[in-house]
$ cat final-v5.txt   # compact mmCIF, C-alpha atoms
# COMPACT_ATOMS: atom_id res chain seq x y z
CA MET D 1 -6.90 -54.75 -30.09
CA LYS D 2 -4.59 -54.45 -33.14
CA LEU D 3 -3.08 -51.31 -31.56
CA LYS D 4 -2.51 -53.14 -28.29
CA LEU D 5 -0.76 -56.08 -30.01
CA LEU D 6 1.42 -53.69 -32.02
CA LEU D 7 2.43 -51.78 -28.89
CA GLU D 8 3.22 -55.01 -27.06
CA ARG D 9 5.47 -56.16 -29.92
CA GLU D 10 7.36 -52.88 -29.63
CA ASN D 11 7.74 -53.49 -25.88
CA ILE D 12 5.67 -50.40 -25.01
CA MET D 13 3.69 -50.53 -21.76
CA VAL D 14 -0.05 -50.70 -22.40
CA TYR D 15 -3.10 -50.59 -20.16
CA THR D 16 -6.60 -51.40 -21.36
CA VAL D 17 -9.62 -50.06 -19.48
CA SER D 18 -12.17 -52.75 -18.62
CA SER D 19 -15.30 -53.23 -16.54
CA SER D 20 -16.36 -49.61 -16.13
CA GLU D 21 -19.92 -49.54 -14.84
CA LYS D 22 -22.87 -47.43 -13.76
CA LEU D 23 -23.77 -47.66 -10.09
CA ARG D 24 -26.70 -47.77 -7.76
CA LYS D 25 -26.96 -44.95 -5.21
CA SER D 26 -25.61 -47.11 -2.37
CA ALA D 27 -22.54 -48.00 -4.41
CA ALA D 28 -22.12 -44.36 -5.45
CA ASP D 29 -22.21 -43.39 -1.75
CA SER D 30 -19.42 -45.87 -1.07
CA GLU D 31 -17.29 -44.47 -3.90
CA THR D 32 -17.69 -40.92 -2.62
CA LYS D 33 -16.76 -42.01 0.87
CA ALA D 34 -13.72 -43.75 -0.66
CA LEU D 35 -12.77 -40.51 -2.42
CA LEU D 36 -13.03 -38.47 0.79
CA TYR D 37 -11.16 -41.16 2.72
CA LEU D 38 -8.32 -40.86 0.22
CA MET D 39 -8.45 -37.06 0.30
CA ASN D 40 -8.52 -36.63 4.08
CA PHE D 41 -7.62 -39.81 5.98
CA HIS D 42 -5.11 -41.83 3.96
CA GLU D 43 -1.51 -41.48 5.17
CA ASN D 44 -0.46 -40.08 1.77
CA ASN D 45 -3.41 -37.70 1.42
CA ASP D 46 -1.17 -34.62 1.11
CA ASP D 47 0.42 -36.11 -2.03
CA ILE D 48 -2.86 -36.88 -3.81
CA HIS D 49 -4.10 -34.23 -6.24
CA TYR D 50 -6.33 -36.01 -8.80
CA PHE D 51 -9.17 -38.46 -8.18
CA VAL D 52 -9.69 -40.46 -11.38
CA VAL D 53 -13.19 -41.92 -11.56
CA ASP D 54 -14.01 -45.33 -13.08
CA PHE D 55 -10.91 -45.63 -15.24
CA PHE D 56 -8.29 -47.82 -13.57
CA ASN D 57 -10.81 -48.81 -10.90
CA ASP D 58 -13.79 -47.39 -9.03
CA LEU D 59 -11.46 -44.61 -7.94
CA THR D 60 -7.74 -43.95 -8.28
CA GLY D 61 -5.78 -41.21 -6.58
CA MET D 62 -2.96 -39.58 -8.54
CA ASP D 63 -0.30 -37.05 -7.64
CA ARG D 64 0.07 -33.68 -9.42
CA MET D 65 2.54 -34.94 -12.03
CA ALA D 66 0.83 -38.30 -12.62
CA ASP D 67 3.84 -40.22 -11.29
CA ARG D 68 2.07 -42.09 -8.46
CA LEU D 69 -1.24 -43.95 -8.19
CA TRP D 70 -3.37 -45.03 -5.20
CA ASP D 71 -5.99 -47.56 -6.31
CA ILE D 72 -9.34 -48.13 -4.56
CA GLN D 73 -12.06 -50.68 -5.09
CA SER D 74 -15.18 -49.90 -3.06
CA LYS D 75 -18.06 -52.12 -1.95
CA GLY D 76 -20.89 -50.79 0.18
CA ALA D 77 -22.16 -54.11 1.61
CA LYS D 78 -21.98 -54.29 5.42
CA ASN D 79 -21.39 -58.00 6.07
CA ASN D 80 -18.85 -59.16 3.48
CA SER D 81 -17.72 -62.74 3.88
CA PRO D 82 -14.05 -63.65 3.31
CA LYS D 83 -14.86 -65.12 -0.09
CA ALA D 84 -16.84 -62.02 -1.10
CA LEU D 85 -13.84 -59.86 -0.14
CA GLY D 86 -11.65 -62.01 -2.36
CA ARG D 87 -13.97 -61.52 -5.33
CA GLU D 88 -13.94 -57.76 -4.80
CA LEU D 89 -10.14 -57.72 -4.99
CA VAL D 90 -10.07 -58.76 -8.64
CA THR D 91 -9.77 -55.28 -10.20
CA LEU D 92 -7.04 -54.34 -7.76
CA TYR D 93 -5.29 -57.57 -8.74
CA LYS D 94 -5.64 -56.72 -12.41
CA ASN D 95 -3.81 -53.47 -11.71
CA PHE D 96 -1.20 -55.26 -9.59
CA VAL D 97 -0.21 -57.50 -12.52
CA SER D 98 -0.45 -54.68 -15.09
CA TYR D 99 2.49 -52.78 -16.55
CA PHE D 100 1.71 -49.74 -14.42
CA GLU D 101 2.95 -49.39 -10.86
CA PHE D 102 0.52 -48.44 -8.08
CA ASP D 103 1.61 -47.11 -4.70
CA SER D 104 -1.30 -48.63 -2.84
CA TYR D 105 -4.12 -51.15 -3.34
CA ILE D 106 -7.10 -50.39 -1.11
CA LEU D 107 -10.32 -52.36 -0.63
CA PHE D 108 -12.87 -49.99 0.92
CA VAL D 109 -15.90 -51.83 2.28
CA GLY D 110 -19.00 -51.13 4.33
CA GLY D 111 -18.25 -53.93 6.77
CA VAL D 112 -17.10 -57.53 7.15
CA SER D 113 -18.48 -60.66 8.76
CA SER D 114 -17.30 -61.72 12.23
CA THR D 115 -15.16 -64.47 10.67
CA VAL D 116 -12.75 -62.05 8.96
CA ARG D 117 -10.66 -60.09 11.47
CA ILE D 118 -8.38 -61.25 14.25
CA ASP D 119 -8.65 -57.88 16.00
CA SER D 120 -12.17 -56.62 15.31
CA THR D 121 -11.36 -53.14 16.66
CA LYS D 122 -9.10 -52.39 13.69
CA ASN D 123 -10.98 -50.81 10.80
CA ILE D 124 -7.82 -50.23 8.76
CA PHE D 125 -5.65 -53.32 8.50
CA LYS D 126 -3.48 -55.57 6.33
CA ILE D 127 -3.72 -59.28 5.58
CA ASP D 128 -2.01 -60.16 8.89
CA ASN D 129 -5.21 -59.13 10.73
CA ILE D 130 -7.30 -61.65 8.78
CA GLN D 131 -7.93 -65.07 10.36
CA VAL D 132 -6.11 -68.03 8.79
CA ASN D 133 -9.27 -69.81 7.59
CA ALA D 134 -10.64 -66.53 6.26
CA ARG D 135 -7.43 -65.92 4.28
CA GLU D 136 -7.88 -69.21 2.47
CA LYS D 137 -11.49 -68.38 1.60
CA LEU D 138 -10.44 -64.88 0.50
CA LYS D 139 -7.77 -66.33 -1.83
CA GLU D 140 -10.28 -68.83 -3.15
CA GLY D 141 -12.71 -66.04 -4.02
CA LEU D 142 -9.98 -63.99 -5.71
CA VAL D 143 -8.72 -66.92 -7.79
CA GLU D 144 -12.24 -67.88 -8.94
CA GLU D 145 -13.02 -64.30 -9.93
CA ALA D 146 -9.65 -63.78 -11.65
CA GLN D 147 -10.09 -66.97 -13.66
CA SER D 148 -13.51 -65.77 -14.84
CA LYS D 149 -12.13 -62.48 -16.21
CA ASN D 150 -10.71 -62.30 -19.71
CA TYR D 151 -8.61 -59.28 -18.76
CA ILE D 152 -6.33 -61.33 -16.46
CA ASN D 153 -3.94 -63.82 -18.07
CA SER D 154 -3.94 -67.29 -16.55
CA SER D 155 -0.15 -67.07 -16.25
CA ASP D 156 -0.62 -64.20 -13.78
CA ILE D 157 -2.76 -66.29 -11.43
CA SER D 158 -0.22 -68.07 -9.26
CA ASP D 159 0.10 -68.63 -5.51
CA GLU D 160 3.30 -66.60 -5.41
CA ARG D 161 1.82 -63.56 -7.16
CA ILE D 162 -1.39 -63.68 -5.15
CA GLU D 163 0.56 -63.83 -1.87
CA GLU D 164 2.69 -60.89 -2.97
CA PHE D 165 -0.45 -58.95 -3.91
CA LEU D 166 -2.32 -59.69 -0.68
CA ASN D 167 0.65 -58.48 1.35
CA ASN D 168 0.24 -55.13 -0.39
CA VAL D 169 -3.53 -54.70 0.09
CA LEU D 170 -4.92 -52.25 2.65
CA PHE D 171 -8.41 -53.12 3.91
CA VAL D 172 -10.49 -50.14 5.05
CA ILE D 173 -13.88 -50.51 6.74
CA ASP D 174 -16.17 -47.51 6.38
CA ASP D 175 -17.03 -46.42 9.92
CA LYS D 176 -18.27 -42.88 9.27
CA GLU D 177 -21.41 -41.09 8.14
CA PRO D 178 -21.38 -38.96 4.95
CA SER D 179 -21.40 -35.82 7.09
CA ASP D 180 -18.22 -36.95 8.89
CA TYR D 181 -16.34 -37.27 5.61
CA VAL D 182 -17.27 -33.71 4.61
CA LYS D 183 -16.51 -32.38 8.08
CA SER D 184 -12.98 -33.73 7.70
CA ILE D 185 -12.39 -31.30 4.81
CA ILE D 186 -13.27 -28.34 7.02
CA LYS D 187 -11.20 -29.66 9.96
CA ASP D 188 -12.70 -30.68 13.28
CA HIS D 189 -11.57 -27.68 15.31
CA ILE D 190 -13.51 -25.14 13.27
CA ALA D 191 -16.54 -23.51 14.88
CA LEU D 192 -18.41 -22.83 11.64
CA ILE D 193 -19.13 -26.46 10.74
CA PRO D 194 -22.76 -26.53 9.57
CA LYS D 195 -25.44 -28.95 10.71
CA ASN D 196 -25.26 -32.58 9.66
CA ASP D 197 -28.01 -32.22 7.06
CA GLU D 198 -26.04 -29.42 5.36
CA LEU D 199 -22.87 -31.51 5.45
CA THR D 200 -24.82 -34.42 3.93
CA ALA D 201 -26.12 -32.10 1.20
CA ILE D 202 -22.50 -31.18 0.35
CA PHE D 203 -21.62 -34.90 0.31
CA ASN D 204 -24.51 -35.54 -2.11
CA GLU D 205 -23.25 -32.77 -4.38
CA ILE D 206 -19.76 -34.27 -4.45
CA ARG D 207 -21.35 -37.65 -5.19
CA LYS D 208 -23.30 -36.16 -8.11
CA ILE D 209 -20.18 -34.59 -9.62
CA GLN D 210 -18.35 -37.88 -9.19
CA SER D 211 -21.23 -39.85 -10.74
CA ASP D 212 -21.45 -37.41 -13.65
CA LYS D 213 -17.85 -38.28 -14.53
CA LYS D 214 -19.09 -41.80 -15.22
CA ASN D 215 -21.61 -40.48 -17.72
CA THR D 216 -19.01 -38.94 -20.03
CA ASP D 217 -17.97 -40.85 -23.16
CA PRO D 218 -17.43 -44.56 -22.40
CA VAL D 219 -13.82 -45.61 -21.85
CA GLU D 220 -14.34 -49.39 -21.88
CA GLY D 221 -11.63 -50.85 -24.13
CA VAL D 222 -9.54 -47.66 -24.26
CA THR D 223 -5.79 -48.39 -24.40
CA ILE D 224 -3.22 -46.03 -22.89
CA THR D 225 0.56 -46.20 -22.79
CA SER D 226 1.26 -43.80 -19.89
CA ILE D 227 -0.52 -42.96 -16.65
CA ASP D 228 -1.11 -39.31 -17.52
CA GLN D 229 -3.09 -40.24 -20.65
CA SER D 230 -5.96 -41.19 -18.33
CA LEU D 231 -6.41 -37.46 -17.64
CA TYR D 232 -7.20 -36.77 -21.30
CA TYR D 233 -10.63 -38.39 -20.84
CA TYR D 234 -11.49 -35.91 -18.08
CA ARG D 235 -12.96 -38.45 -15.71
CA HIS D 236 -11.25 -36.82 -12.75
CA LEU D 237 -11.79 -34.33 -9.96
CA THR D 238 -9.11 -32.49 -8.01
CA SER D 239 -8.81 -31.85 -4.29
CA GLY D 240 -8.93 -28.13 -5.13
CA GLN D 241 -12.29 -28.46 -6.89
CA ILE D 242 -13.77 -30.20 -3.88
CA LYS D 243 -12.41 -27.61 -1.43
CA THR D 244 -13.78 -24.80 -3.63
CA LEU D 245 -17.21 -26.45 -3.64
CA VAL D 246 -17.17 -26.71 0.17
CA ILE D 247 -16.10 -23.07 0.63
CA GLY D 248 -18.80 -22.01 -1.82
CA ARG D 249 -21.50 -23.84 0.13
CA LEU D 250 -20.30 -22.37 3.44
CA ILE D 251 -20.52 -18.78 2.18
CA ASN D 252 -23.30 -19.30 -0.39
CA LYS D 253 -21.10 -17.97 -3.19
CA ASN D 254 -18.57 -19.17 -5.76
CA PRO D 255 -15.40 -17.68 -4.25
CA PHE D 256 -13.72 -17.38 -7.65
CA GLU D 257 -16.53 -16.02 -9.79
CA LYS D 258 -15.80 -13.17 -12.16
CA GLY D 259 -16.04 -9.57 -11.05
CA CYS D 260 -15.20 -7.69 -7.91
CA PRO D 261 -16.97 -8.44 -4.59
CA VAL D 262 -19.15 -5.46 -3.65
CA PRO D 263 -17.52 -5.02 -0.19
CA PHE D 264 -14.14 -4.71 -1.97
CA ILE D 265 -15.20 -1.99 -4.41
CA ASP D 266 -14.04 0.95 -2.26
CA ILE D 267 -10.54 -0.52 -2.15
CA TYR D 268 -10.66 -1.60 -5.79
CA THR D 269 -11.64 1.84 -7.10
CA SER D 270 -8.77 3.44 -5.20
CA PHE D 271 -6.32 1.55 -7.43
CA PRO D 272 -5.09 3.36 -10.58
CA PRO D 273 -7.47 2.37 -13.43
CA GLU D 274 -4.66 0.74 -15.41
CA SER D 275 -3.77 -1.49 -12.41
CA ARG D 276 -7.21 -2.63 -11.31
CA LYS D 277 -7.57 -5.73 -13.48
CA ASP D 278 -4.13 -7.10 -12.58
CA ALA D 279 -4.52 -6.26 -8.89
CA LEU D 280 -7.86 -8.09 -8.71
CA GLU D 281 -6.39 -11.10 -10.49
CA GLU D 282 -3.45 -11.19 -8.07
CA CYS D 283 -5.88 -11.19 -5.13
CA LYS D 284 -7.80 -14.14 -6.62
CA ILE D 285 -4.59 -16.07 -7.27
CA ALA D 286 -3.46 -15.51 -3.66
CA PHE D 287 -6.84 -16.73 -2.39
CA SER D 288 -6.54 -19.82 -4.57
CA ARG D 289 -3.00 -20.53 -3.35
CA ALA D 290 -4.08 -20.18 0.28
CA LEU D 291 -7.04 -22.52 -0.15
CA PHE D 292 -5.03 -25.20 -1.93
CA ASN D 293 -1.84 -24.96 0.16
CA LYS D 294 -1.81 -28.32 1.94
CA ASN D 295 1.11 -27.24 4.13
CA CYS D 296 -1.04 -24.52 5.73
CA ALA D 297 -4.47 -26.16 5.56
CA GLU D 298 -5.26 -25.85 9.28
CA GLU D 299 -3.99 -22.26 9.34
CA PHE D 300 -6.28 -21.39 6.44
CA TRP D 301 -9.32 -22.84 8.19
CA VAL D 302 -8.45 -20.99 11.42
CA LEU D 303 -8.33 -17.75 9.42
CA PHE D 304 -11.57 -18.60 7.61
CA ASN D 305 -13.25 -19.40 10.91
CA GLU D 306 -12.19 -16.15 12.55
CA THR D 307 -13.11 -14.07 9.49
CA TYR D 308 -16.49 -15.78 9.19
CA ASN D 309 -17.37 -15.19 12.84
CA LYS D 310 -16.14 -11.59 12.92
CA ILE D 311 -18.38 -10.81 9.95
CA LEU D 312 -21.35 -12.46 11.67
CA ASP D 313 -20.63 -10.57 14.90
CA TYR D 314 -20.13 -7.21 13.15
CA PRO D 315 -22.16 -7.32 9.92
CA ASN D 316 -22.05 -3.53 9.44
CA LYS D 317 -18.29 -3.16 9.75
CA SER D 318 -16.25 -2.56 6.60
CA VAL D 319 -13.62 -4.88 5.16
CA GLU D 320 -10.91 -2.62 6.60
CA GLU D 321 -12.47 -2.82 10.07
CA ILE D 322 -12.84 -6.59 9.95
CA PHE D 323 -9.20 -6.85 8.84
CA ASN D 324 -8.10 -4.88 11.90
CA LEU D 325 -10.17 -7.10 14.21
CA LEU D 326 -8.41 -10.27 13.09
CA ASP D 327 -5.65 -11.66 15.27
CA LYS D 328 -2.21 -10.69 13.93
CA ASN D 329 -0.79 -14.20 14.34
CA THR D 330 -3.77 -15.72 12.52
CA LYS D 331 -3.11 -13.40 9.58
CA GLN D 332 0.64 -14.05 9.58
CA ASN D 333 0.17 -17.83 9.65
CA CYS D 334 -1.28 -17.80 6.11
CA PRO D 335 1.74 -16.78 4.03
CA ASP D 336 -0.10 -16.88 0.71
CA PHE D 337 -2.08 -13.77 1.66
CA ASP D 338 -0.70 -10.27 1.75
CA ASN D 339 -2.56 -7.18 2.96
CA LEU D 340 -4.61 -6.59 -0.20
CA SER D 341 -5.39 -10.21 -1.01
CA LEU D 342 -6.52 -10.87 2.57
CA LYS D 343 -8.91 -7.92 2.35
CA TYR D 344 -10.19 -9.36 -0.94
CA PHE D 345 -10.74 -12.68 0.87
CA ILE D 346 -12.64 -10.91 3.68
CA ALA D 347 -14.78 -9.12 1.09
CA THR D 348 -15.59 -12.40 -0.69
CA VAL D 349 -16.71 -14.05 2.55
CA LYS D 350 -18.65 -10.94 3.57
CA GLU D 351 -20.52 -10.77 0.26
CA GLY D 352 -21.41 -14.45 0.48
CA LEU D 353 -22.77 -14.12 3.99
CA GLN D 354 -24.77 -11.01 3.04
CA ASN D 355 -26.31 -12.94 0.15
CA ASP D 356 -27.23 -15.70 2.60
CA ASN D 357 -29.24 -13.33 4.81
$ encode --input "final-v5.txt" --output "structure tokens"
Amino acid sequence: MKLKLLLERENIMVYTVSSSEKLRKSAADSETKALLYLMNFHENNDDIHYFVVDFFNDLTGMDRMADRLWDIQSKGAKNNSPKALGRELVTLYKNFVSYFEFDSYILFVGGVSSTVRIDSTKNIFKIDNIQVNAREKLKEGLVEEAQSKNYINSSDISDERIEEFLNNVLFVIDDKEPSDYVKSIIKDHIALIPKNDELTAIFNEIRKIQSDKKNTDPVEGVTITSIDQSLYYYRHLTSGQIKTLVIGRLINKNPFEKGCPVPFIDIYTSFPPESRKDALEECKIAFSRALFNKNCAEEFWVLFNETYNKILDYPNKSVEEIFNLLDKNTKQNCPDFDNLSLKYFIATVKEGLQNDN
């Protein structure tokens, strides 16, 4: 607290973490759905790189350079009343009146009562889709909750500020199963999407990793003076980590583990000995770039799909033969791969599928 007062006297922006918490499974499910909503469905999803867990809020998206923040509060209950919605907005409001600027304030909920929406078909909406009487109850719930919190100054609780805040809130109703959120990573057009129980198992694994971030050293009361300092506490995941996990589960192998895939050894040993280590590393880097290139995400999954199915159809064919079976346009549409790195990619998928049999 002395540090915070000193920083405030020097006119330095400060942010104090408050109300971090451990969750029940149902709440943890909601937070993981919120993460995957932000990663795959939000209009700015291509800009979001980090997912910061239980620091600014239940979940906060952040871009690669920690310049922009997308803040989410999640609540799994299915029949939230207007007043309950207002109470749940309090942490978002705390961030709204803080020194830090957030691009978006999102309340992600399991459902709302019939008294909330004007157009009940809209599951993503702003305050203008909330009925007049419900708005008043919502504001009442927010004001009561804000007044009960010692981390919000009474001077920040005014009609003008609350109206400004509510005009910036995006309400999102969860209308998908866990398997649907994972499927959205893989893209709907792909033929290799596993069964729903396997997708749910991947969802549960993401949820566990996310929950484990909460069990690191407590951050309650931590004071930071810049957004990027939140990353120092390592309570974050990245979109790349999640995509790697999904790829690994699809091929039953960590795609970036050390060593050379067995199906690639014939090609690898043809390299001059002094070049092998660097050549292998370049292939791994190209694979990583292709997987994480958001501008060519669909093209990558088309290539993955075709490679996966060619290997299943012709399990005894070599990497070279599988390479030649792939459509030329499909290969060209993934600019991060060259000839050698694409063959390394084929070998990685082939080894994973062989291990699965």
$ closest_residue --input "final-v5.txt" --among "D:Val112, D:Leu303, D:Ile130, D:Ile202" --to "Thr330 (chain D)" --atoms "all atoms listed in the file"
D:Leu303
$ closest_residue --input "final-v5.txt" --among "D:Leu92, D:Met39, D:Leu280, D:Ile185" --to "Asn57 (chain D)" --atoms "only C-alpha atoms"
D:Leu92
$ atom_distance --input "final-v5.txt" --atom1 "CA of Asp71 (chain D)" --atom2 "CA of Lys149 (chain D)"
18.9 Å
$ atom_distance --input "final-v5.txt" --atom1 "CA of Pro263 (chain D)" --atom2 "CA of Leu325 (chain D)"
16.3 Å
$ closest_residue --input "final-v5.txt" --among "D:Phe108, D:Glu281, D:Tyr181, D:Leu250" --to "Trp301 (chain D)" --atoms "all atoms listed in the file"
D:Leu250
$ closest_residue --input "final-v5.txt" --among "D:Pro335, D:Gly221, D:Pro273, D:Pro261" --to "Asn295 (chain D)" --atoms "all atoms listed in the file"
D:Pro335
$ atom_distance --input "final-v5.txt" --atom1 "CA of Asp174 (chain D)" --atom2 "CA of Gly110 (chain D)"
5.0 Å
$ closest_residue --input "final-v5.txt" --among "D:Arg235, D:Lys343, D:Arg161, D:Arg64" --to "Val97 (chain D)" --atoms "only C-alpha atoms"
D:Arg161
$ closest_residue --input "final-v5.txt" --among "D:Glu88, D:Asp336, D:Asp197, D:Glu145" --to "Phe171 (chain D)" --atoms "all atoms listed in the file"
D:Glu88
$ residues_around --input "final-v5.txt" --residues "Asn153 (chain D)" --least-positions-apart "6" --cutoff "12 Å" --atoms "all atoms listed in the file" --output "list in words"
Tyr93, Lys94, Val97, Ser98, Val143, Ala146 and Gln147 of chain D
$ closest_atom_pairs --input "final-v5.txt" --of "region 222-266 of chain D" --to "region 49-52 of chain D" --cutoff "9 Å" --atoms "all atoms listed in the file" --output "tab-separated table"
residue	atom	partner	partner_atom	distance
D:Ser230	CA	D:Val52	CA	7.9
D:Leu231	CA	D:Val52	CA	7.7
D:Tyr234	CA	D:Val52	CA	8.3
D:Arg235	CA	D:Val52	CA	5.8
D:His236	CA	D:Val52	CA	4.2
D:Leu237	CA	D:Phe51	CA	5.2
D:Thr238	CA	D:Tyr50	CA	4.6
D:Ser239	CA	D:His49	CA	5.6
D:Gly240	CA	D:His49	CA	7.9
$ residues_around --input "final-v5.txt" --residues "Leu89 (chain D)" --least-positions-apart "2" --cutoff "8 Å" --atoms "only C-alpha atoms" --output "JSON, numbers by chain"
{"D": [73, 85, 86, 87, 91, 92, 93, 107, 142]}
$ residues_around --input "final-v5.txt" --residues "Ser18 (chain D)" --least-positions-apart "3" --cutoff "12 Å" --atoms "all atoms listed in the file" --output "PyMOL selection string"
chain D and resi 15+21+54-58+90-91+94-95+149-152+218-224
$ residues_near_point --input "final-v5.txt" --point "(-20.1, -24.4, -9.1)" --cutoff "12 Å" --atoms "all atoms listed in the file" --output "ChimeraX atom specification"
/D:202,205-206,209,241-249,252-257
